>>> print(open('query31.cif').read())   # mmCIF, C-alpha atoms
data_structure
loop_
_atom_site.group_PDB
_atom_site.id
_atom_site.type_symbol
_atom_site.label_atom_id
_atom_site.label_comp_id
_atom_site.auth_asym_id
_atom_site.auth_seq_id
_atom_site.Cartn_x
_atom_site.Cartn_y
_atom_site.Cartn_z
ATOM 1 C CA ILE A 482 99.238 190.150 88.062
ATOM 2 C CA ILE A 483 95.716 191.221 89.061
ATOM 3 C CA GLN A 484 96.136 194.480 87.148
ATOM 4 C CA HIS A 485 97.485 192.680 84.076
ATOM 5 C CA ILE A 486 94.631 190.161 84.081
ATOM 6 C CA HIS A 487 91.967 192.849 84.557
ATOM 7 C CA LYS A 488 93.332 194.834 81.607
ATOM 8 C CA ARG A 489 93.728 191.902 79.191
ATOM 9 C CA PHE A 490 90.340 190.417 80.119
ATOM 10 C CA GLN A 491 88.574 193.722 79.522
ATOM 11 C CA GLU A 492 90.308 194.100 76.158
ATOM 12 C CA LYS A 493 89.034 190.677 75.052
ATOM 13 C CA VAL A 494 85.524 190.774 76.515
ATOM 14 C CA GLY A 495 84.671 194.467 76.534
ATOM 15 C CA GLU A 496 83.717 194.518 80.203
ATOM 16 C CA ASP A 497 85.320 193.859 83.560
ATOM 17 C CA ALA A 498 83.493 190.844 84.981
ATOM 18 C CA LEU A 499 86.231 189.598 87.322
ATOM 19 C CA ILE A 500 86.283 189.849 91.117
ATOM 20 C CA PHE A 501 89.567 189.122 92.929
ATOM 21 C CA GLU A 502 90.251 188.278 96.553
ATOM 22 C CA PRO A 503 93.990 187.998 97.389
ATOM 23 C CA VAL A 504 95.088 185.545 100.080
ATOM 24 C CA LEU A 505 98.145 186.825 101.951
ATOM 25 C CA TRP A 506 98.926 183.624 103.836
ATOM 26 C CA SER A 507 102.647 184.282 104.440
ATOM 27 C CA LYS A 508 101.884 186.784 107.214
ATOM 28 C CA VAL A 509 101.227 183.782 109.481
ATOM 29 C CA PHE A 510 104.976 183.027 109.451
ATOM 30 C CA ALA A 511 106.491 186.453 108.779
ATOM 31 C CA SER A 512 107.586 187.484 112.283
ATOM 32 C CA GLU A 513 109.008 184.091 113.268
ATOM 33 C CA GLN A 514 110.791 183.780 109.941
ATOM 34 C CA GLU A 515 112.478 187.125 110.513
ATOM 35 C CA ARG A 516 113.576 186.060 114.007
ATOM 36 C CA LEU A 517 114.981 182.851 112.549
ATOM 37 C CA TRP A 518 116.962 184.782 109.927
ATOM 38 C CA GLU A 519 118.445 187.034 112.607
ATOM 39 C CA ARG A 520 119.396 184.182 114.940
ATOM 40 C CA VAL A 521 121.170 182.031 112.347
ATOM 41 C CA HIS A 522 123.457 185.002 111.666
ATOM 42 C CA VAL A 523 124.446 185.676 115.261
ATOM 43 C CA ASP A 524 127.640 183.618 115.306
ATOM 44 C CA ALA A 525 128.177 182.888 111.616
ATOM 45 C CA ASP A 526 129.476 184.745 108.600
ATOM 46 C CA LEU A 527 127.448 182.881 106.011
ATOM 47 C CA ASP A 528 128.107 182.946 102.270
ATOM 48 C CA TYR A 529 125.508 183.268 99.485
ATOM 49 C CA GLN A 530 123.355 185.640 101.525
ATOM 50 C CA ARG A 531 120.753 186.331 98.830
ATOM 51 C CA LEU A 532 120.382 182.678 97.879
ATOM 52 C CA ARG A 533 120.203 181.676 101.550
ATOM 53 C CA ARG A 534 117.441 184.221 102.198
ATOM 54 C CA PHE A 535 115.561 182.898 99.184
ATOM 55 C CA THR A 536 115.916 179.337 100.514
ATOM 56 C CA VAL A 537 114.943 180.217 104.080
ATOM 57 C CA GLU A 538 111.842 182.087 102.938
ATOM 58 C CA PHE A 539 110.632 179.028 101.043
ATOM 59 C CA LEU A 540 111.780 176.138 103.219
ATOM 60 C CA ALA A 541 110.928 177.728 106.573
ATOM 61 C CA ASP A 542 107.355 178.367 105.437
ATOM 62 C CA ALA A 543 107.038 174.868 103.945
ATOM 63 C CA ILE A 544 108.214 173.216 107.168
ATOM 64 C CA ALA A 545 106.107 175.429 109.416
ATOM 65 C CA TYR A 546 103.008 174.725 107.317
ATOM 66 C CA GLN A 547 103.192 170.920 107.701
ATOM 67 C CA PRO A 548 99.893 169.365 108.896
ATOM 68 C CA SER A 549 99.943 168.639 112.617
ATOM 69 C CA SER A 550 97.706 167.060 115.243
ATOM 70 C CA VAL A 551 98.647 169.820 117.692
ATOM 71 C CA GLU A 552 95.841 172.210 118.563
ATOM 72 C CA ASP A 553 96.078 175.705 117.049
ATOM 73 C CA ASN A 554 98.534 174.526 114.354
ATOM 74 C CA ASN A 555 99.848 176.556 111.423
ATOM 75 C CA TYR A 556 98.048 174.396 108.845
ATOM 76 C CA ASP A 557 94.731 175.465 110.362
ATOM 77 C CA LYS A 558 95.838 179.097 110.764
ATOM 78 C CA VAL A 559 96.792 179.361 107.093
ATOM 79 C CA HIS A 560 93.615 177.637 105.923
ATOM 80 C CA GLU A 561 91.598 179.973 108.121
ATOM 81 C CA LEU A 562 92.873 182.834 105.943
ATOM 82 C CA LEU A 563 91.749 180.992 102.816
ATOM 83 C CA ALA A 564 88.327 180.368 104.319
ATOM 84 C CA GLU A 565 88.050 184.051 105.223
ATOM 85 C CA ALA A 566 89.032 185.024 101.658
ATOM 86 C CA MET A 567 86.460 182.631 100.208
ATOM 87 C CA SER A 568 83.803 184.113 102.478
ATOM 88 C CA ASN A 569 84.722 187.642 101.362
ATOM 89 C CA LEU A 570 84.619 186.519 97.738
ATOM 90 C CA GLU A 571 81.208 184.921 98.204
ATOM 91 C CA GLU A 572 79.837 188.157 99.635
ATOM 92 C CA LYS A 573 81.160 190.183 96.687
ATOM 93 C CA ALA A 574 80.569 187.748 93.819
ATOM 94 C CA GLY A 575 77.634 185.565 94.888
ATOM 95 C CA SER A 576 77.213 182.119 96.382
ATOM 96 C CA ASP A 577 77.405 180.110 93.146
ATOM 97 C CA THR A 578 79.872 182.122 91.059
ATOM 98 C CA PRO A 579 82.505 180.027 89.202
ATOM 99 C CA LEU A 580 85.710 179.978 91.240
ATOM 100 C CA CYS A 581 89.131 180.334 89.607
ATOM 101 C CA VAL A 582 92.241 179.965 91.765
ATOM 102 C CA ILE A 583 95.582 181.510 90.741
ATOM 103 C CA SER A 584 98.453 180.370 92.939
ATOM 104 C CA HIS A 585 102.218 180.692 93.159
ATOM 105 C CA SER A 586 104.956 178.625 94.796
ATOM 106 C CA LEU A 587 103.991 177.203 98.203
ATOM 107 C CA GLY A 588 100.675 178.976 97.714
ATOM 108 C CA SER A 589 99.822 176.351 95.095
ATOM 109 C CA VAL A 590 100.371 173.598 97.682
ATOM 110 C CA ILE A 591 98.265 175.465 100.225
ATOM 111 C CA ALA A 592 95.459 176.048 97.722
ATOM 112 C CA SER A 593 95.609 172.411 96.621
ATOM 113 C CA ASN A 594 95.483 171.143 100.230
ATOM 114 C CA TYR A 595 92.607 173.438 101.107
ATOM 115 C CA LEU A 596 90.546 172.322 98.121
ATOM 116 C CA TYR A 597 91.537 168.680 98.629
ATOM 117 C CA ASP A 598 90.249 168.780 102.194
ATOM 118 C CA LEU A 599 86.944 170.202 100.962
ATOM 119 C CA GLN A 600 86.642 167.608 98.185
ATOM 120 C CA ARG A 601 88.043 164.433 99.719
ATOM 121 C CA LYS A 602 88.969 164.665 103.403
ATOM 122 C CA GLN A 603 86.964 167.102 105.489
ATOM 123 C CA SER A 604 88.320 165.477 108.641
ATOM 124 C CA ASN A 605 91.544 167.424 107.926
ATOM 125 C CA ILE A 606 89.733 170.754 108.291
ATOM 126 C CA GLY A 607 90.625 172.443 111.563
ATOM 127 C CA THR A 608 88.453 174.279 114.051
ATOM 128 C CA ARG A 609 89.618 177.754 113.008
ATOM 129 C CA THR A 610 88.862 177.022 109.363
ATOM 130 C CA TRP A 611 85.435 175.482 109.973
ATOM 131 C CA ARG A 612 84.367 178.588 111.880
ATOM 132 C CA ARG A 613 84.984 180.714 108.792
ATOM 133 C CA ILE A 614 83.134 178.547 106.247
ATOM 134 C CA LYS A 615 79.512 179.388 105.546
ATOM 135 C CA ASN A 616 77.570 176.608 103.849
ATOM 136 C CA THR A 617 77.520 178.056 100.308
ATOM 137 C CA PRO A 618 78.528 176.347 97.026
ATOM 138 C CA LEU A 619 81.461 178.696 96.432
ATOM 139 C CA GLU A 620 82.857 178.378 99.958
ATOM 140 C CA ASN A 621 82.457 174.595 99.825
ATOM 141 C CA GLY A 622 84.563 174.552 96.651
ATOM 142 C CA GLU A 623 81.655 173.223 94.569
ATOM 143 C CA THR A 624 81.987 175.945 91.910
ATOM 144 C CA LEU A 625 85.741 175.508 91.356
ATOM 145 C CA ALA A 626 86.326 175.771 87.608
ATOM 146 C CA ASN A 627 89.941 176.768 86.899
ATOM 147 C CA PHE A 628 93.202 176.202 88.758
ATOM 148 C CA TYR A 629 96.435 177.962 87.752
ATOM 149 C CA THR A 630 99.710 177.015 89.443
ATOM 150 C CA MET A 631 102.908 179.007 88.903
ATOM 151 C CA GLY A 632 106.340 177.873 90.082
ATOM 152 C CA SER A 633 104.667 175.044 91.951
ATOM 153 C CA PRO A 634 106.522 172.566 94.208
ATOM 154 C CA LEU A 635 103.484 170.260 94.289
ATOM 155 C CA ALA A 636 105.602 167.483 92.749
ATOM 156 C CA LEU A 637 107.910 167.604 95.790
ATOM 157 C CA TRP A 638 104.959 167.714 98.182
ATOM 158 C CA SER A 639 103.516 164.590 96.524
ATOM 159 C CA LEU A 640 106.385 162.548 98.007
ATOM 160 C CA ARG A 641 104.394 162.487 101.235
ATOM 161 C CA PHE A 642 101.887 160.102 99.638
ATOM 162 C CA SER A 643 101.899 156.612 98.158
ATOM 163 C CA ASP A 644 102.484 156.719 94.391
ATOM 164 C CA PHE A 645 102.507 160.540 94.644
ATOM 165 C CA GLY A 646 98.918 160.804 95.836
ATOM 166 C CA LEU A 647 95.673 162.098 94.388
ATOM 167 C CA PRO A 648 95.260 165.605 92.956
ATOM 168 C CA ILE A 649 92.241 167.793 93.472
ATOM 169 C CA GLN A 650 89.536 167.464 90.838
ATOM 170 C CA ILE A 651 89.391 170.234 88.245
ATOM 171 C CA PRO A 652 86.676 171.219 87.632
ATOM 172 C CA ALA A 653 85.043 170.355 90.943
ATOM 173 C CA PRO A 654 82.768 167.285 90.777
ATOM 174 C CA ASN A 655 79.701 169.371 91.697
ATOM 175 C CA LEU A 656 80.329 172.204 89.223
ATOM 176 C CA PRO A 657 77.844 170.813 86.624
ATOM 177 C CA ARG A 658 75.064 171.127 89.226
ATOM 178 C CA HIS A 659 75.628 174.889 89.242
ATOM 179 C CA HIS A 660 77.039 175.624 85.773
ATOM 180 C CA ALA A 661 76.573 172.738 83.362
ATOM 181 C CA GLY A 662 78.331 174.407 80.430
ATOM 182 C CA VAL A 663 81.577 175.361 82.188
ATOM 183 C CA GLU A 664 84.453 172.966 81.458
ATOM 184 C CA GLY A 665 87.407 174.363 83.443
ATOM 185 C CA GLU A 666 91.155 173.716 83.236
ATOM 186 C CA TRP A 667 94.348 173.279 85.271
ATOM 187 C CA LEU A 668 97.429 174.924 83.798
ATOM 188 C CA ASN A 669 100.735 174.378 85.598
ATOM 189 C CA PHE A 670 103.398 176.951 84.638
ATOM 190 C CA TYR A 671 107.042 176.081 85.279
ATOM 191 C CA ASP A 672 110.447 177.455 84.289
ATOM 192 C CA LYS A 673 113.319 175.018 83.715
ATOM 193 C CA ASP A 674 115.645 177.391 85.641
ATOM 194 C CA ASP A 675 113.291 177.500 88.625
ATOM 195 C CA ILE A 676 114.531 174.714 90.890
ATOM 196 C CA LEU A 677 111.341 174.787 92.978
ATOM 197 C CA SER A 678 108.870 174.201 90.134
ATOM 198 C CA TYR A 679 108.205 170.959 88.259
ATOM 199 C CA PRO A 680 105.776 169.481 85.719
ATOM 200 C CA LEU A 681 102.881 167.542 87.246
ATOM 201 C CA ARG A 682 101.281 165.409 84.536
ATOM 202 C CA GLY A 683 104.032 162.782 84.720
ATOM 203 C CA LEU A 684 103.561 162.073 88.441
ATOM 204 C CA ASN A 685 100.896 159.419 87.896
ATOM 205 C CA LYS A 686 97.775 158.610 85.900
ATOM 206 C CA ASN A 687 95.561 160.709 88.163
ATOM 207 C CA TYR A 688 97.598 163.873 87.628
ATOM 208 C CA SER A 689 97.808 163.137 83.906
ATOM 209 C CA GLU A 690 94.013 163.071 83.714
ATOM 210 C CA VAL A 691 93.390 166.178 85.820
ATOM 211 C CA VAL A 692 96.190 168.598 84.852
ATOM 212 C CA THR A 693 95.254 170.038 81.478
ATOM 213 C CA GLU A 694 98.799 171.110 80.568
ATOM 214 C CA ASP A 695 102.263 171.642 82.017
ATOM 215 C CA VAL A 696 103.276 174.931 80.396
ATOM 216 C CA ALA A 697 107.024 175.560 80.078
ATOM 217 C CA VAL A 698 107.779 179.292 80.210
ATOM 218 C CA ASN A 699 110.856 181.492 80.490
ATOM 219 C CA VAL A 700 110.145 184.046 83.200
ATOM 220 C CA GLY A 701 112.222 186.903 84.576
ATOM 221 C CA GLY A 702 114.513 189.515 83.109
ATOM 222 C CA LEU A 703 118.199 189.813 82.327
ATOM 223 C CA LEU A 704 119.295 189.112 85.910
ATOM 224 C CA THR A 705 116.760 186.417 86.846
ATOM 225 C CA SER A 706 115.556 184.451 83.807
ATOM 226 C CA TRP A 707 118.566 182.088 83.833
ATOM 227 C CA ASN A 708 118.732 181.218 87.538
ATOM 228 C CA PRO A 709 116.607 180.147 90.552
ATOM 229 C CA PHE A 710 115.494 183.732 91.191
ATOM 230 C CA SER A 711 113.183 183.327 88.205
ATOM 231 C CA HIS A 712 110.898 181.707 90.798
ATOM 232 C CA SER A 713 109.454 185.076 91.818
ATOM 233 C CA ARG A 714 108.826 186.444 88.317
ATOM 234 C CA TYR A 715 105.848 184.501 86.954
ATOM 235 C CA ASP A 716 103.443 187.376 87.534
ATOM 236 C CA GLU A 717 105.420 189.529 85.074
ATOM 237 C CA GLU A 718 105.435 187.022 82.203
ATOM 238 C CA LYS A 719 103.109 187.883 79.298
ATOM 239 C CA GLU A 720 102.602 184.243 78.259
ATOM 240 C CA VAL A 721 101.456 183.322 81.770
ATOM 241 C CA VAL A 722 99.005 186.227 81.958
ATOM 242 C CA ASP A 723 97.673 185.596 78.441
ATOM 243 C CA ARG A 724 97.039 181.891 79.047
ATOM 244 C CA ILE A 725 95.214 182.634 82.308
ATOM 245 C CA VAL A 726 93.139 185.352 80.643
ATOM 246 C CA ASP A 727 92.256 183.018 77.758
ATOM 247 C CA GLY A 728 90.928 180.496 80.290
ATOM 248 C CA LEU A 729 88.924 183.127 82.160
ATOM 249 C CA VAL A 730 87.461 184.467 78.919
ATOM 250 C CA ARG A 731 86.466 180.939 77.870
ATOM 251 C CA THR A 732 84.787 180.369 81.247
ATOM 252 C CA TRP A 733 82.976 183.701 80.968
ATOM 253 C CA LYS A 734 81.684 182.815 77.488
ATOM 254 C CA GLN A 735 80.578 179.336 78.574
ATOM 255 C CA LEU A 736 78.820 180.840 81.570
ATOM 256 C CA ASN A 737 77.019 183.480 79.523
ATOM 257 C CA ASN A 738 76.075 181.152 76.691
#
>>> encode(input="query31.cif", output="structure tokens")
Amino acid sequence: IIQHIHKRFQEKVGEDALIFEPVLWSKVFASEQERLWERVHVDADLDYQRLRRFTVEFLADAIAYQPSSVEDNNYDKVHELLAEAMSNLEEKAGSDTPLCVISHSLGSVIASNYLYDLQRKQSNIGTRTWRRIKNTPLENGETLANFYTMGSPLALWSLRFSDFGLPIQIPAPNLPRHHAGVEGEWLNFYDKDDILSYPLRGLNKNYSEVVTEDVAVNVGGLLTSWNPFSHSRYDEEKEVVDRIVDGLVRTWKQLNN
């Protein structure tokens, strides 16, 4: 998806003004998840192998990531990777550059939690994560402009909170201090065949005000577009890429005007 966005953005703007920093958070759980998969097969001949693997990969990560009061917990370990990525991005792009977050699946929950902690509840931020955060506007989330969620289970995660909770603020409340003309947006892409993704605007009034649009798309090819495996195909969908690029181009124009 990075390659697609780079290409389409350059076609529209005439220059490549984007800097990406991928966050590969799943490596925190990879080895244990593989051990789990092996052990549940030891004494069982389980059906629906591919679907089970798909389910394990999502649910095992979601359960392991749950916030915990235990020292050295996975929530802090995952957020440490985000903090490190934000620090790398700040070094490459500058301390007050507009931040745009593109997230998929559980990654959208992780990104939302990370930004929520910065905006509303810094007491949730763990020791590992704090060590990685330098006191710059970008790393503090103050320059957050755009948020793109693909195949997001945030609606399910919201069950943890009364009346489905409060979303992060898009754009960040402090963005006007750094870039007064940048408006920002939150687009939530979902596929009706993707059983892990849901619209967000209907959760409550707060989500309705913050989420710009729930965008229904049909992702995947001949073998995946009609079933739950569409969940892993958002990065290949032209409509998804084009809508993200349109938002980035708009931000670039607002910034340069």
>>> atom_distance(input="query31.cif", atom1="CA of Val509 (chain A)", atom2="CA of Asp675 (chain A)")
24.9 Å
>>> resolve_selection(input="query31.cif", expression="the PyMOL selection byres ((chain A and resi 502) around 10)", output="PDB file with C-alpha atoms, in the frame of the given file")
ATOM      1  CA  ILE A 483      95.716 191.221  89.061  1.00  0.00           C
ATOM      2  CA  ILE A 500      86.283 189.849  91.117  1.00  0.00           C
ATOM      3  CA  PHE A 501      89.567 189.122  92.929  1.00  0.00           C
ATOM      4  CA  PRO A 503      93.990 187.998  97.389  1.00  0.00           C
ATOM      5  CA  VAL A 504      95.088 185.545 100.080  1.00  0.00           C
ATOM      6  CA  LEU A 505      98.145 186.825 101.951  1.00  0.00           C
ATOM      7  CA  LEU A 563      91.749 180.992 102.816  1.00  0.00           C
ATOM      8  CA  GLU A 565      88.050 184.051 105.223  1.00  0.00           C
ATOM      9  CA  ALA A 566      89.032 185.024 101.658  1.00  0.00           C
ATOM     10  CA  MET A 567      86.460 182.631 100.208  1.00  0.00           C
ATOM     11  CA  SER A 568      83.803 184.113 102.478  1.00  0.00           C
ATOM     12  CA  ASN A 569      84.722 187.642 101.362  1.00  0.00           C
ATOM     13  CA  LEU A 570      84.619 186.519  97.738  1.00  0.00           C
ATOM     14  CA  GLU A 571      81.208 184.921  98.204  1.00  0.00           C
ATOM     15  CA  LYS A 573      81.160 190.183  96.687  1.00  0.00           C
ATOM     16  CA  VAL A 582      92.241 179.965  91.765  1.00  0.00           C
TER      17      VAL A 582
END
>>> atom_distance(input="query31.cif", atom1="CA of Thr705 (chain A)", atom2="CA of Tyr546 (chain A)")
27.3 Å
>>> closest_residue(input="query31.cif", among="A:Glu492, A:Glu718, A:Glu538, A:Asp695", to="Tyr629 (chain A)", atoms="all atoms listed in the file")
A:Asp695
>>> atom_distance(input="query31.cif", atom1="CA of Arg520 (chain A)", atom2="CA of Ala543 (chain A)")
19.0 Å
>>> resolve_selection(input="query31.cif", expression="the PyMOL selection byres ((chain A and resi 593) around 12)", output="ChimeraX atom specification")
/A:560,563,582-592,594-601,622,625,628-630,633-636,638-639,647-651,667
>>> residues_around(input="query31.cif", residues="Thr610 (chain A)", least_positions_apart="4", cutoff="7 Å", atoms="only C-alpha atoms", output="list of chain:residue names")
A:Asp557, A:His560, A:Glu561, A:Ala564, A:Ile606, A:Ile614
>>> closest_residue(input="query31.cif", among="A:Leu677, A:Leu736, A:Leu684, A:Leu729", to="Ser713 (chain A)", atoms="only C-alpha atoms")
A:Leu677
>>> resolve_selection(input="query31.cif", expression="the PyMOL selection byres ((chain A and resi 674) around 10)", output="number ranges by chain")
A: 671-673, 675-678, 698-700, 705-712
>>> axis_aligned_box(input="query31.cif", around="region 610-627 of chain A", padding_each_side="3 Å", output="JSON")
{"center_x": 83.7, "center_y": 177.0, "center_z": 99.4, "size_x": 18.4, "size_y": 13.5, "size_z": 31.0}
